[in-house]
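Engineer: For reference, this is query-v4.txt, and it has compact mmCIF, C-alpha atoms.
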# COMPACT_ATOMS: atom_id res chain seq x y z
CA MET A 1 -18.83 -36.03 24.12
CA LYS A 2 -15.21 -35.46 23.09
CA LYS A 3 -15.94 -36.77 19.59
CA ILE A 4 -18.90 -34.42 19.20
CA LEU A 5 -16.82 -31.42 20.31
CA LEU A 6 -14.01 -32.45 17.94
CA ILE A 7 -16.48 -32.72 15.04
CA LEU A 8 -18.02 -29.31 15.89
CA PHE A 9 -14.61 -27.61 16.12
CA THR A 10 -13.56 -29.23 12.84
CA ILE A 11 -16.72 -28.06 11.06
CA CYS A 12 -16.29 -24.54 12.45
CA GLY A 13 -12.64 -24.50 11.44
CA LEU A 14 -13.32 -25.68 7.90
CA THR A 15 -16.24 -23.36 7.20
CA ARG A 16 -15.95 -19.67 6.68
CA MET A 17 -16.86 -17.74 9.79
CA GLN A 18 -18.41 -14.33 9.16
CA ALA A 19 -17.27 -11.38 11.17
CA GLN A 20 -20.38 -9.37 11.87
CA PHE A 21 -18.66 -5.99 11.63
CA ILE A 22 -17.56 -6.53 7.99
CA THR A 23 -20.25 -5.11 5.70
CA GLU A 24 -18.50 -5.36 2.32
CA GLU A 25 -15.59 -7.16 0.67
CA ALA A 26 -13.76 -6.16 -2.48
CA VAL A 27 -10.44 -6.46 -4.29
CA GLU A 28 -8.72 -3.27 -5.43
CA VAL A 29 -5.96 -3.29 -8.04
CA SER A 30 -3.77 -0.18 -8.47
CA VAL A 31 -1.02 0.67 -10.96
CA GLY A 32 1.00 3.82 -11.28
CA TYR A 33 4.15 5.84 -11.73
CA GLY A 34 6.63 4.76 -9.02
CA LEU A 35 8.92 7.19 -7.22
CA SER A 36 11.80 6.86 -4.75
CA LEU A 37 13.15 9.82 -2.79
CA PRO A 38 15.95 9.86 -0.20
CA TYR A 39 15.16 11.49 3.16
CA ASP A 40 18.19 13.77 2.72
CA GLU A 41 17.39 16.96 0.84
CA THR A 42 19.37 16.07 -2.26
CA GLY A 43 17.31 17.21 -5.23
CA PHE A 44 17.19 13.88 -7.10
CA TYR A 45 14.79 10.96 -7.25
CA GLY A 46 14.19 7.65 -8.98
CA THR A 47 11.24 6.77 -11.19
CA GLY A 48 9.69 3.53 -12.31
CA TYR A 49 6.65 1.30 -11.91
CA PHE A 50 4.21 0.47 -9.13
CA ALA A 51 1.48 -2.18 -8.82
CA GLN A 52 -0.55 -3.22 -5.80
CA GLY A 53 -3.51 -5.37 -4.81
CA GLU A 54 -5.64 -4.85 -1.72
CA TYR A 55 -8.33 -6.93 -0.08
CA VAL A 56 -10.95 -4.46 1.15
CA LEU A 57 -12.88 -5.22 4.32
CA GLY A 58 -15.54 -2.52 4.65
CA ILE A 59 -16.61 -1.78 8.20
CA ASN A 60 -18.98 1.06 7.30
CA GLU A 61 -19.20 3.95 4.81
CA TRP A 62 -16.38 5.76 6.59
CA ILE A 63 -13.79 3.05 7.43
CA ASP A 64 -12.10 0.13 5.59
CA LEU A 65 -9.38 -2.29 6.64
CA ARG A 66 -6.99 -3.21 3.81
CA PRO A 67 -4.36 -5.94 3.78
CA TYR A 68 -2.15 -5.33 0.73
CA ALA A 69 0.65 -6.72 -1.40
CA GLY A 70 2.49 -4.85 -4.12
CA TYR A 71 5.64 -4.32 -6.15
CA ILE A 72 7.73 -1.23 -6.85
CA PHE A 73 10.74 -0.75 -9.11
CA THR A 74 12.59 2.54 -9.64
CA GLU A 75 15.84 3.61 -11.31
CA MET A 76 17.82 6.85 -11.09
CA ASN A 77 17.11 9.18 -13.97
CA GLU A 78 15.65 12.42 -12.67
CA SER A 79 16.75 15.58 -10.88
CA PHE A 80 14.94 18.62 -9.54
CA GLY A 81 17.76 20.91 -10.57
CA GLY A 82 21.12 20.34 -12.16
CA PRO A 83 22.82 17.17 -13.31
CA ILE A 84 22.92 14.04 -11.18
CA LYS A 85 26.31 12.92 -9.87
CA PRO A 86 27.12 9.34 -10.96
CA GLU A 87 27.33 8.18 -7.35
CA ASP A 88 23.90 9.60 -6.33
CA LYS A 89 21.21 6.94 -6.06
CA ALA A 90 17.67 6.49 -4.78
CA THR A 91 16.50 3.19 -6.25
CA VAL A 92 14.34 0.29 -5.10
CA ASN A 93 13.31 -3.12 -6.40
CA ALA A 94 10.96 -4.58 -3.80
CA PHE A 95 7.82 -6.45 -2.79
CA LEU A 96 5.55 -4.57 -0.34
CA PHE A 97 3.07 -6.15 2.10
CA GLY A 98 1.11 -5.11 5.18
CA GLY A 99 -2.15 -3.70 6.40
CA LYS A 100 -3.68 -0.25 6.51
CA GLY A 101 -6.90 1.49 7.39
CA ARG A 102 -8.76 3.93 5.17
CA VAL A 103 -10.94 6.75 6.47
CA ARG A 104 -13.13 8.41 3.85
CA ILE A 105 -15.72 11.13 3.69
CA PRO A 106 -18.59 9.40 1.81
CA ILE A 107 -19.57 12.14 -0.62
CA ASP A 108 -21.42 11.19 -3.83
CA TRP A 109 -19.14 10.70 -6.87
CA VAL A 110 -15.97 12.09 -5.20
CA ALA A 111 -15.03 10.74 -1.75
CA PRO A 112 -11.70 12.00 -0.36
CA TYR A 113 -9.76 9.58 1.85
CA ALA A 114 -6.60 9.11 3.90
CA GLU A 115 -4.82 5.84 4.76
CA LEU A 116 -2.28 4.83 7.37
CA GLY A 117 -0.84 1.46 8.37
CA ILE A 118 2.22 -0.69 8.93
CA GLY A 119 4.00 -3.15 6.69
CA GLY A 120 7.17 -4.75 5.45
CA THR A 121 9.30 -4.59 2.34
CA VAL A 122 11.38 -7.41 0.89
CA GLY A 123 13.91 -6.30 -1.71
CA SER A 124 16.89 -4.12 -2.45
CA PHE A 125 17.44 -0.43 -1.75
CA GLU A 126 20.18 1.96 -2.83
CA THR A 127 20.28 5.31 -1.05
CA VAL A 128 23.56 7.04 -1.81
CA THR A 129 23.86 10.74 -0.97
CA ALA A 130 26.54 13.04 0.44
CA LYS A 131 25.40 12.03 3.97
CA ARG A 132 24.46 8.37 3.49
CA ASN A 133 25.64 5.21 1.74
CA PHE A 134 23.01 2.45 2.04
CA GLU A 135 23.07 -0.39 -0.50
CA LYS A 136 21.38 -3.48 0.96
CA SER A 137 18.86 -6.19 0.30
CA GLY A 138 16.61 -7.70 2.95
CA ILE A 139 13.41 -7.18 4.88
CA PHE A 140 12.62 -3.65 6.05
CA MET A 141 9.69 -2.19 7.97
CA HIS A 142 7.68 0.65 6.44
CA ILE A 143 4.79 2.95 7.29
CA PRO A 144 2.30 3.34 4.40
CA ALA A 145 0.36 6.59 4.03
CA SER A 146 -1.94 7.69 1.21
CA LEU A 147 -4.20 10.55 0.20
CA GLY A 148 -6.69 10.17 -2.61
CA PHE A 149 -10.19 10.21 -4.01
CA GLU A 150 -12.72 7.46 -4.66
CA LEU A 151 -14.59 8.34 -7.84
CA GLY A 152 -17.83 7.30 -9.50
CA PRO A 153 -21.35 6.52 -8.30
CA ASN A 154 -20.11 3.36 -6.55
CA HIS A 155 -16.71 4.82 -5.56
CA ASN A 156 -14.95 1.98 -7.41
CA VAL A 157 -12.18 4.04 -9.09
CA THR A 158 -9.39 5.64 -7.06
CA LEU A 159 -6.79 8.30 -7.75
CA GLU A 160 -4.11 8.48 -5.08
CA LEU A 161 -0.71 9.65 -3.97
CA THR A 162 0.74 6.85 -1.84
CA GLY A 163 4.01 6.60 0.06
CA TYR A 164 5.89 3.94 2.04
CA PHE A 165 8.29 5.47 4.55
CA HIS A 166 11.38 3.33 5.26
CA ASN A 167 13.61 4.17 8.21
CA ASP A 168 16.69 1.98 7.57
CA PRO A 169 17.15 2.82 3.87
CA ALA A 170 16.19 6.46 4.70
CA GLN A 171 13.97 6.52 1.67
CA VAL A 172 10.32 7.06 0.84
CA VAL A 173 8.99 5.07 -2.09
CA GLY A 174 5.56 5.54 -3.52
CA ALA A 175 3.45 6.29 -6.50
CA VAL A 176 0.89 8.39 -8.22
CA ALA A 177 -1.61 5.61 -8.92
CA ILE A 178 -5.03 4.78 -10.30
CA GLY A 179 -7.03 1.85 -8.99
CA VAL A 180 -10.18 -0.11 -9.72
CA SER A 181 -12.21 -1.96 -7.09
CA PHE A 182 -14.21 -5.16 -7.71
CA PRO A 183 -16.77 -6.36 -5.13
CA VAL A 184 -16.36 -10.00 -4.09
CA GLY A 185 -19.07 -10.39 -1.48
CA TYR A 186 -21.67 -8.66 0.64
CA TYR A 187 -23.08 -9.72 3.97
Let me see the structure of the file written as structure tokens.
Structural biologist:
Amino acid sequence: MKKILLILFTICGLTRMQAQFITEEAVEVSVGYGLSLPYDETGFYGTGYFAQGEYVLGINEWIDLRPYAGYIFTEMNESFGGPIKPEDKATVNAFLFGGKGRVRIPIDWVAPYAELGIGGTVGSFETVTAKRNFEKSGIFMHIPASLGFELGPNHNVTLELTGYFHNDPAQVVGAVAIGVSFPVGYY
């Protein structure tokens, strides 16, 4: 009897178990214009590059679960007003990972959505303002939030404004991004 149970548990562990509430799976790849802004109202920001991949687990037309991994790199080179002081910085070079949920309104061709989740960042931050001097590398927690639109008859193209709010570096990093979704399986 023990051998039969061991064989059954082994077979179950080695085969893919389907969760009945997942109705769709896809991979979404996004690229965009990266931004980094300090929490202090300073008037300057960093710009750079952003790329991210998400594994989409569709629960229904309204809700998705999305584990993600991405990369963001920004450098100081912009200001809202006057010149930037040499010591002012809001830069990041980091790997992002975590999970988030998307709630969408499933309208034909243009479906607006909002996302919220929790994740981590591994990399280096520089947030130097008149009130703060943070220049560290390590692992930091973040809260991802996004607003955007799914476009097309199959809603497989996205346009979004996404942000990752970091408490310790006192910085929000994010992007204006475009993404494409590829289905990988249906149940």
Engineer: Report as CSV: every residue of range 60-129 of chain A with an atom at most 12 Å from range 23-45 of chain A, its closest pair of atoms, and their distance in Å to one decimal, counting only C-alpha atoms, with rows sorted by chain and ascending residue number.
Structural biologist:
residue,atom,partner,partner_atom,distance
A:Asn60,CA,A:Thr23,CA,6.5
A:Glu61,CA,A:Thr23,CA,9.2
A:Trp62,CA,A:Thr23,CA,11.6
A:Ile63,CA,A:Thr23,CA,10.6
A:Asp64,CA,A:Glu24,CA,9.0
A:Leu65,CA,A:Glu25,CA,9.9
A:Arg66,CA,A:Val27,CA,9.4
A:Pro67,CA,A:Val27,CA,10.1
A:Tyr68,CA,A:Glu28,CA,9.2
A:Ala69,CA,A:Val29,CA,10.0
A:Gly70,CA,A:Ser30,CA,8.9
A:Tyr71,CA,A:Gly34,CA,9.6
A:Ile72,CA,A:Gly34,CA,6.5
A:Phe73,CA,A:Gly34,CA,6.9
A:Thr74,CA,A:Gly34,CA,6.4
A:Glu75,CA,A:Ser36,CA,8.4
A:Met76,CA,A:Tyr45,CA,6.4
A:Asn77,CA,A:Tyr45,CA,7.3
A:Glu78,CA,A:Tyr45,CA,5.7
A:Ser79,CA,A:Phe44,CA,4.2
A:Phe80,CA,A:Gly43,CA,5.1
A:Gly81,CA,A:Gly43,CA,6.5
A:Gly82,CA,A:Gly43,CA,8.5
A:Pro83,CA,A:Phe44,CA,9.0
A:Ile84,CA,A:Phe44,CA,7.0
A:Lys85,CA,A:Phe44,CA,9.6
A:Pro86,CA,A:Phe44,CA,11.6
A:Glu87,CA,A:Phe44,CA,11.6
A:Asp88,CA,A:Phe44,CA,8.0
A:Lys89,CA,A:Tyr45,CA,7.7
A:Ala90,CA,A:Tyr45,CA,5.9
A:Thr91,CA,A:Ser36,CA,6.1
A:Val92,CA,A:Ser36,CA,7.1
A:Asn93,CA,A:Ser36,CA,10.2
A:Ala94,CA,A:Ser36,CA,11.5
A:Phe125,CA,A:Ser36,CA,9.7
A:Glu126,CA,A:Pro38,CA,9.3
A:Thr127,CA,A:Pro38,CA,6.3
A:Val128,CA,A:Pro38,CA,8.3
A:Thr129,CA,A:Thr42,CA,7.1
Engineer: Using only C-alpha atoms, which residues sit within 8 Å of Gly117 in chain A once same-chain residues fewer than 6 positions away are excluded, as a PyMOL selection string?
Structural biologist: chain A and resi 98-101+143-145
Engineer: Considering only C-alpha atoms, can you say which of A:Val122, A:Ala111, A:Val184, A:Ala51 comes closest to Thr158 in chain A?
Structural biologist: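 For Thr158 in chain A, the nearest of the candidates is A:Ala111.
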Engineer: Can you tell me how far CA of Phe134 in chain A sits from CA of Gly48 in chain A, in Å to one decimal?
Structural biologist: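 Separating CA of Phe134 in chain A from CA of Gly48 in chain A is a distance of 19.6 Å.
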Engineer: Quick one: distance from CA of Ile139 in chain A to CA of Asn167 in chain A in Å, one decimal?
Structural biologist: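 Separating CA of Ile139 in chain A from CA of Asn167 in chain A is a distance of 11.8 Å.
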Engineer: Would you mind telling me which residue in A:Tyr49, A:Phe182, A:Phe140, A:Tyr113 lies nearest to Phe97 in chain A when using all atoms listed in the file?
Structural biologist: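 Residue with the minimum atom-to-atom distance to Phe97 in chain A: A:Phe140.
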Engineer: Give me, please, the distance in Å between CA of Arg104 in chain A and CA of Phe165 in chain A, quoted to one decimal.
Structural biologist: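 That distance, rounded to one decimal, is 21.6 Å.
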Engineer: Kindly provide, as a compact mmCIF listing (two decimals) with C-alpha atoms, in the frame of the given file, the polymer residues lying within 7 Å of (19.8, -9.5, -0.3), counting all atoms listed in the file and using the coordinates exactly as they appear in the file.
Structural biologist:
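Contents of the output file result02.txt:
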# COMPACT_ATOMS: atom_id res chain seq x y z
CA GLY A 123 13.91 -6.30 -1.71
CA SER A 124 16.89 -4.12 -2.45
CA LYS A 136 21.38 -3.48 0.96
CA SER A 137 18.86 -6.19 0.30
CA GLY A 138 16.61 -7.70 2.95
